Each structure stands twice: as C-alpha cells, then as structure tokens.
Amino acid sequence: MSMDVRHINAFLEATKTVFDTMLKIPVTFEKPVLNSAPQTHDVSGVIGLSGDVVGSVVIGFGEQTAVRIVCAFAGTRHAFGSADFEDAIGELTNMIVGAAKSKFEGLSVSIGCPSVITSPDHHVSRPSDAASICIPCDTPGGRFVIEVTFRSIDKAASSKPVAGEESNAITSAKSAA
Amino acid sequence: MRVLVVDDSKTMRRIVKGVLETVGATAVEEAVDGQDALSKVDAFKPDLILLDWNMPVMDGLTFVKTFRGKGMKTPVIMVTTEAGKSQVVEAIKAGINNYAVKPFTPEGLSKIIEATMAKVAQSA
C-alpha cells in the first residue's frame, strides 16, 4: 500500500482544524505536488512516523512567517530561534501530525517527539526511494509547506522478513511517485 | 482548585493555564513529563491533573498507571493529540477520568474540566 489521497486529505483537514481552532487564522491550500526536490526553509518542525506507516513529516516556514504564526499560536511574540519559539513550532507540528494520524483509519501509527531545525535556507533530507508530497499552505501571516514523506506498510507486509519488506516498500514507493 | 499541568511543551502549558484562569483555578503547578509530575504531586496536592500523552522520560499513560497504582484518586484529564478509539479506551482502562483532544477551543476544554469536576463532586 502506498501514500494515497486519503493520507493527503488527512493532513489538509488536520492543518485546517489546528489553524481554525488554536490560531484563529484561516489557511488555504494549493494543489499538493510531488516533492521532486527538497524544499528550503528557515525553520522546520519534523516528526517521524512508525508502525503501519513509516516516514516523516516536515512543516517548513520562512523566518517572518514562522514568527507571525508562532505569535498567533502562543499568544505572545517569541524571538526567532529562541527556546520558546522552537517549542511552539514543535508543538504546532505535533498537533497537526497527531490530528492527521488520527484520520488514518485502520492503521496503527505512532508519532515521535518533534524536532525543530532553525537555520536559514536549510532542507531536510529524506530517503531517495520514498514517496514525498509537498502541500503548499497559505495564511494571512505568510506561506508555508508541509512535506509528507512515507511508505505505508500493511499489516501482512510488516510481518515479513526485513529484507523482503524493504524490497516491497521500495517498489510501492516508486510506483506511487 | 489546584491544578497540575503536565506537558513537555511550554507553549501548551501556557495555553492550558490560560484556560484554567477561566474555570476558577486558584493555583497551577507545571510538570514537563510524567516523572516530574510524580515528584510534584505529594507536595502540591492537586485537585485535578491535566496530562499530555506523548512526552519524553515518562509518558502520560505510564504516569496514570503508576499514579493509580499508588492508590491516588485525584481526577486526571488526558489532553492529547492521541484521538484513536483504542487509545481512548486504553487511557480509560488506565484510570483517567476524562479525555480532551488537541486541538481544542478554550470553551471546549473549560466544559470538559467543569464536567469532570462536577462528576467527581457528585460521586464524593
């Protein structure tokens, strides 16, 4: 099984819910596109997925957009790169990915604790054989992107030997791309 | 009402504390994970614990199991992104009193807190 439209929709719905509920600012989406080259960001919230879905989610912002979005989320302005700023980006990432995960019906998925990278024009590397989708998002505070990179593993495949599982996953990811 | 807020995110603790101001909390203590919470409950003596699930060191579910295992009756509300049916059932079995899913509105979390405390008062 590979990434399909239901997984992408889960991230769209989760992002909209989090922004509507916690930030009180609207968010709109452009058409998700295949992530052929890694996007560059000034700050990234990164969370790993494991279980029936293995992969990662990166929510990437430019500096000014991130400062404005953190202000809306935390209710106070934090300096770019400060501990409080990074905490807010991490929690925002955690909330979006957690809400999306809950919409993966029939799949048992765990998420890790978020990591935050703050560095001008960085990109987050990903395995070359994994399917990756970029979701461009727009808010009054600026644009940001969600990079969803994963391969799904059905429960039967996950019980196979590791070498066989890896082979199937690569085939699945390439066909999805 | 004395409330212990357990969450590894300072941002989330700040947001939750804002909600607690609207429901009559008289004292709020913060803990960054389950282990930190266990070290603070005896001294702080909370009337209510608001608990995140996913935290480093000791997660919320382990905290609840440990806390209830010691015979502690303080009401616990899990406040988490973990919204799957199986997770909710697992948390209830472990001994939580109520469940709030992130993201939440301030009004939504207030109602859950008030309903939980009203139920506890009724059964006391």
# chains A, B, ... in the order shown; residues from 1 in each chain; ligands from 1
>>> closest_atom_pairs(of="chain A", to="chain B", cutoff="6 Å", atoms="only C-alpha atoms", output="tab-separated table")
residue	atom	partner	partner_atom	distance
A:Val18	CA	B:Pro103	CA	5.7
A:Thr21	CA	B:Thr105	CA	5.8
A:Ala74	CA	B:Thr11	CA	5.9
A:Ala88	CA	B:Thr11	CA	5.5
A:Gly98	CA	B:Thr81	CA	5.0
A:Ala99	CA	B:Thr81	CA	5.9
A:Ser102	CA	B:Gly84	CA	5.6
>>> write_last_selection(atoms="C-alpha atoms", output="tab-separated table (two decimals), in the first residue's frame")
chain	number	residue	atom	x	y	z
A	18	VAL	CA	-5.50	23.30	14.09
A	21	THR	CA	-9.11	26.18	16.50
A	74	ALA	CA	1.40	31.02	21.56
A	88	ALA	CA	5.89	26.47	19.79
A	98	GLY	CA	-1.21	13.96	15.60
A	99	ALA	CA	-4.54	15.16	14.26
A	102	SER	CA	-5.99	10.04	13.94
>>> select_by_dssp(residues="chain B", states="helix (DSSP H, G or I)", output="ChimeraX atom specification")
/B:10-23,34-44,60-69,85-94,106-123
>>> write_last_selection(atoms="C-alpha atoms", output="PDB file, in the first residue's frame")
ATOM      1  CA  LYS B  10       5.914  25.165  27.492  1.00  0.00           C
ATOM      2  CA  THR B  11       3.650  26.671  24.837  1.00  0.00           C
ATOM      3  CA  MET B  12       0.948  24.117  25.596  1.00  0.00           C
ATOM      4  CA  ARG B  13       1.268  24.612  29.353  1.00  0.00           C
ATOM      5  CA  ARG B  14       0.837  28.346  28.817  1.00  0.00           C
ATOM      6  CA  ILE B  15      -2.281  27.825  26.651  1.00  0.00           C
ATOM      7  CA  VAL B  16      -3.805  25.419  29.183  1.00  0.00           C
ATOM      8  CA  LYS B  17      -3.044  27.801  32.052  1.00  0.00           C
ATOM      9  CA  GLY B  18      -4.958  30.490  30.162  1.00  0.00           C
ATOM     10  CA  VAL B  19      -7.999  28.213  30.101  1.00  0.00           C
ATOM     11  CA  LEU B  20      -7.613  27.363  33.785  1.00  0.00           C
ATOM     12  CA  GLU B  21      -7.892  31.052  34.699  1.00  0.00           C
ATOM     13  CA  THR B  22     -11.466  30.932  33.350  1.00  0.00           C
ATOM     14  CA  VAL B  23     -12.540  27.919  35.420  1.00  0.00           C
ATOM     15  CA  GLY B  34       5.244  12.023  33.997  1.00  0.00           C
ATOM     16  CA  GLN B  35       8.294  11.542  36.187  1.00  0.00           C
ATOM     17  CA  ASP B  36       8.380  15.239  37.011  1.00  0.00           C
ATOM     18  CA  ALA B  37       4.660  15.094  37.812  1.00  0.00           C
ATOM     19  CA  LEU B  38       5.103  12.150  40.183  1.00  0.00           C
ATOM     20  CA  SER B  39       7.778  14.110  42.036  1.00  0.00           C
ATOM     21  CA  LYS B  40       5.416  17.077  42.492  1.00  0.00           C
ATOM     22  CA  VAL B  41       2.027  15.571  43.391  1.00  0.00           C
ATOM     23  CA  ASP B  42       2.784  14.897  47.054  1.00  0.00           C
ATOM     24  CA  ALA B  43       3.908  18.435  47.791  1.00  0.00           C
ATOM     25  CA  PHE B  44       1.442  20.268  45.531  1.00  0.00           C
ATOM     26  CA  GLY B  60       1.128  10.207  30.241  1.00  0.00           C
ATOM     27  CA  LEU B  61      -0.204   6.665  30.109  1.00  0.00           C
ATOM     28  CA  THR B  62       2.662   5.358  32.242  1.00  0.00           C
ATOM     29  CA  PHE B  63       2.080   8.209  34.688  1.00  0.00           C
ATOM     30  CA  VAL B  64      -1.597   7.307  35.091  1.00  0.00           C
ATOM     31  CA  LYS B  65      -0.837   3.621  35.633  1.00  0.00           C
ATOM     32  CA  THR B  66       1.838   4.468  38.207  1.00  0.00           C
ATOM     33  CA  PHE B  67      -0.303   7.113  39.900  1.00  0.00           C
ATOM     34  CA  ARG B  68      -3.368   4.897  40.192  1.00  0.00           C
ATOM     35  CA  GLY B  69      -1.139   2.002  41.220  1.00  0.00           C
ATOM     36  CA  LYS B  85     -10.610   4.862  19.798  1.00  0.00           C
ATOM     37  CA  SER B  86      -8.090   2.293  21.010  1.00  0.00           C
ATOM     38  CA  GLN B  87      -6.010   4.981  22.722  1.00  0.00           C
ATOM     39  CA  VAL B  88      -9.053   6.461  24.452  1.00  0.00           C
ATOM     40  CA  VAL B  89     -10.085   3.014  25.695  1.00  0.00           C
ATOM     41  CA  GLU B  90      -6.534   2.287  26.868  1.00  0.00           C
ATOM     42  CA  ALA B  91      -6.382   5.565  28.797  1.00  0.00           C
ATOM     43  CA  ILE B  92      -9.765   4.985  30.420  1.00  0.00           C
ATOM     44  CA  LYS B  93      -8.708   1.493  31.468  1.00  0.00           C
ATOM     45  CA  ALA B  94      -5.563   3.003  32.983  1.00  0.00           C
ATOM     46  CA  PRO B 106     -10.781  27.260  25.292  1.00  0.00           C
ATOM     47  CA  GLU B 107     -14.532  26.824  25.701  1.00  0.00           C
ATOM     48  CA  GLY B 108     -14.328  23.133  24.846  1.00  0.00           C
ATOM     49  CA  LEU B 109     -11.577  22.420  27.364  1.00  0.00           C
ATOM     50  CA  SER B 110     -13.385  24.503  30.025  1.00  0.00           C
ATOM     51  CA  LYS B 111     -16.530  22.403  29.596  1.00  0.00           C
ATOM     52  CA  ILE B 112     -14.586  19.168  29.936  1.00  0.00           C
ATOM     53  CA  ILE B 113     -12.882  20.408  33.117  1.00  0.00           C
ATOM     54  CA  GLU B 114     -16.166  21.583  34.636  1.00  0.00           C
ATOM     55  CA  ALA B 115     -17.979  18.361  33.712  1.00  0.00           C
ATOM     56  CA  THR B 116     -15.184  16.271  35.200  1.00  0.00           C
ATOM     57  CA  MET B 117     -15.123  18.175  38.477  1.00  0.00           C
ATOM     58  CA  ALA B 118     -18.925  18.127  38.716  1.00  0.00           C
ATOM     59  CA  LYS B 119     -18.947  14.343  38.263  1.00  0.00           C
ATOM     60  CA  VAL B 120     -16.220  13.913  40.879  1.00  0.00           C
ATOM     61  CA  ALA B 121     -18.161  16.116  43.314  1.00  0.00           C
ATOM     62  CA  GLN B 122     -21.325  14.076  42.744  1.00  0.00           C
ATOM     63  CA  SER B 123     -19.611  10.780  43.424  1.00  0.00           C
TER      64      SER B 123
END
>>> residues_around(residues="Cys137 of chain A", least_positions_apart="5", cutoff="10 Å", atoms="only C-alpha atoms", output="PyMOL selection string")
chain A and resi 12+15-16+27-32+142-146
>>> write_last_selection(atoms="N, CA and C atoms", output="PDB file, in the first residue's frame")
ATOM      1  N   LEU A  12      -4.481  17.878   5.175  1.00  0.00           N
ATOM      2  CA  LEU A  12      -5.205  19.120   4.856  1.00  0.00           C
ATOM      3  C   LEU A  12      -6.233  19.409   5.964  1.00  0.00           C
ATOM      4  N   THR A  15      -4.536  20.295   9.370  1.00  0.00           N
ATOM      5  CA  THR A  15      -3.947  21.639   9.380  1.00  0.00           C
ATOM      6  C   THR A  15      -5.029  22.700   9.501  1.00  0.00           C
ATOM      7  N   LYS A  16      -6.110  22.516   8.748  1.00  0.00           N
ATOM      8  CA  LYS A  16      -7.211  23.490   8.805  1.00  0.00           C
ATOM      9  C   LYS A  16      -7.830  23.523  10.209  1.00  0.00           C
ATOM     10  N   VAL A  27      -6.476  29.152   6.805  1.00  0.00           N
ATOM     11  CA  VAL A  27      -5.398  28.590   5.986  1.00  0.00           C
ATOM     12  C   VAL A  27      -6.027  28.004   4.734  1.00  0.00           C
ATOM     13  N   THR A  28      -5.397  28.252   3.594  1.00  0.00           N
ATOM     14  CA  THR A  28      -5.853  27.659   2.333  1.00  0.00           C
ATOM     15  C   THR A  28      -4.698  26.861   1.740  1.00  0.00           C
ATOM     16  N   PHE A  29      -5.040  25.992   0.824  1.00  0.00           N
ATOM     17  CA  PHE A  29      -4.041  25.065   0.285  1.00  0.00           C
ATOM     18  C   PHE A  29      -3.988  25.163  -1.233  1.00  0.00           C
ATOM     19  N   GLU A  30      -2.764  25.090  -1.754  1.00  0.00           N
ATOM     20  CA  GLU A  30      -2.606  24.902  -3.185  1.00  0.00           C
ATOM     21  C   GLU A  30      -2.581  23.401  -3.446  1.00  0.00           C
ATOM     22  N   LYS A  31      -2.617  23.038  -4.717  1.00  0.00           N
ATOM     23  CA  LYS A  31      -2.641  21.620  -5.069  1.00  0.00           C
ATOM     24  C   LYS A  31      -1.358  20.932  -4.589  1.00  0.00           C
ATOM     25  N   PRO A  32      -1.486  19.854  -3.840  1.00  0.00           N
ATOM     26  CA  PRO A  32      -0.276  19.116  -3.437  1.00  0.00           C
ATOM     27  C   PRO A  32       0.486  18.611  -4.662  1.00  0.00           C
ATOM     28  N   GLY A 142       1.508  34.476   5.946  1.00  0.00           N
ATOM     29  CA  GLY A 142       2.525  34.039   5.004  1.00  0.00           C
ATOM     30  C   GLY A 142       2.341  32.584   4.602  1.00  0.00           C
ATOM     31  N   ARG A 143       3.203  32.142   3.678  1.00  0.00           N
ATOM     32  CA  ARG A 143       3.107  30.774   3.150  1.00  0.00           C
ATOM     33  C   ARG A 143       4.030  29.844   3.919  1.00  0.00           C
ATOM     34  N   PHE A 144       3.621  28.591   3.978  1.00  0.00           N
ATOM     35  CA  PHE A 144       4.493  27.538   4.497  1.00  0.00           C
ATOM     36  C   PHE A 144       4.179  26.250   3.765  1.00  0.00           C
ATOM     37  N   VAL A 145       4.985  25.230   3.962  1.00  0.00           N
ATOM     38  CA  VAL A 145       4.731  23.961   3.268  1.00  0.00           C
ATOM     39  C   VAL A 145       4.751  22.798   4.258  1.00  0.00           C
ATOM     40  N   ILE A 146       4.012  21.772   3.886  1.00  0.00           N
ATOM     41  CA  ILE A 146       4.057  20.512   4.630  1.00  0.00           C
ATOM     42  C   ILE A 146       4.612  19.462   3.683  1.00  0.00           C
TER      43      ILE A 146
END
>>> closest_residue(among="A:Ile117, A:Ile96, A:Leu34, A:Ile25", to="Arg68 of chain A", atoms="only C-alpha atoms")
A:Ile25
>>> atom_distance(atom1="atom CA of Pro26 of chain A", atom2="atom CA of Asp138 of chain A")
8.5 Å
>>> closest_residue(among="A:Ile59, A:Val124, A:Ile111, A:Ile133", to="Leu92 of chain A", atoms="only C-alpha atoms")
A:Ile59
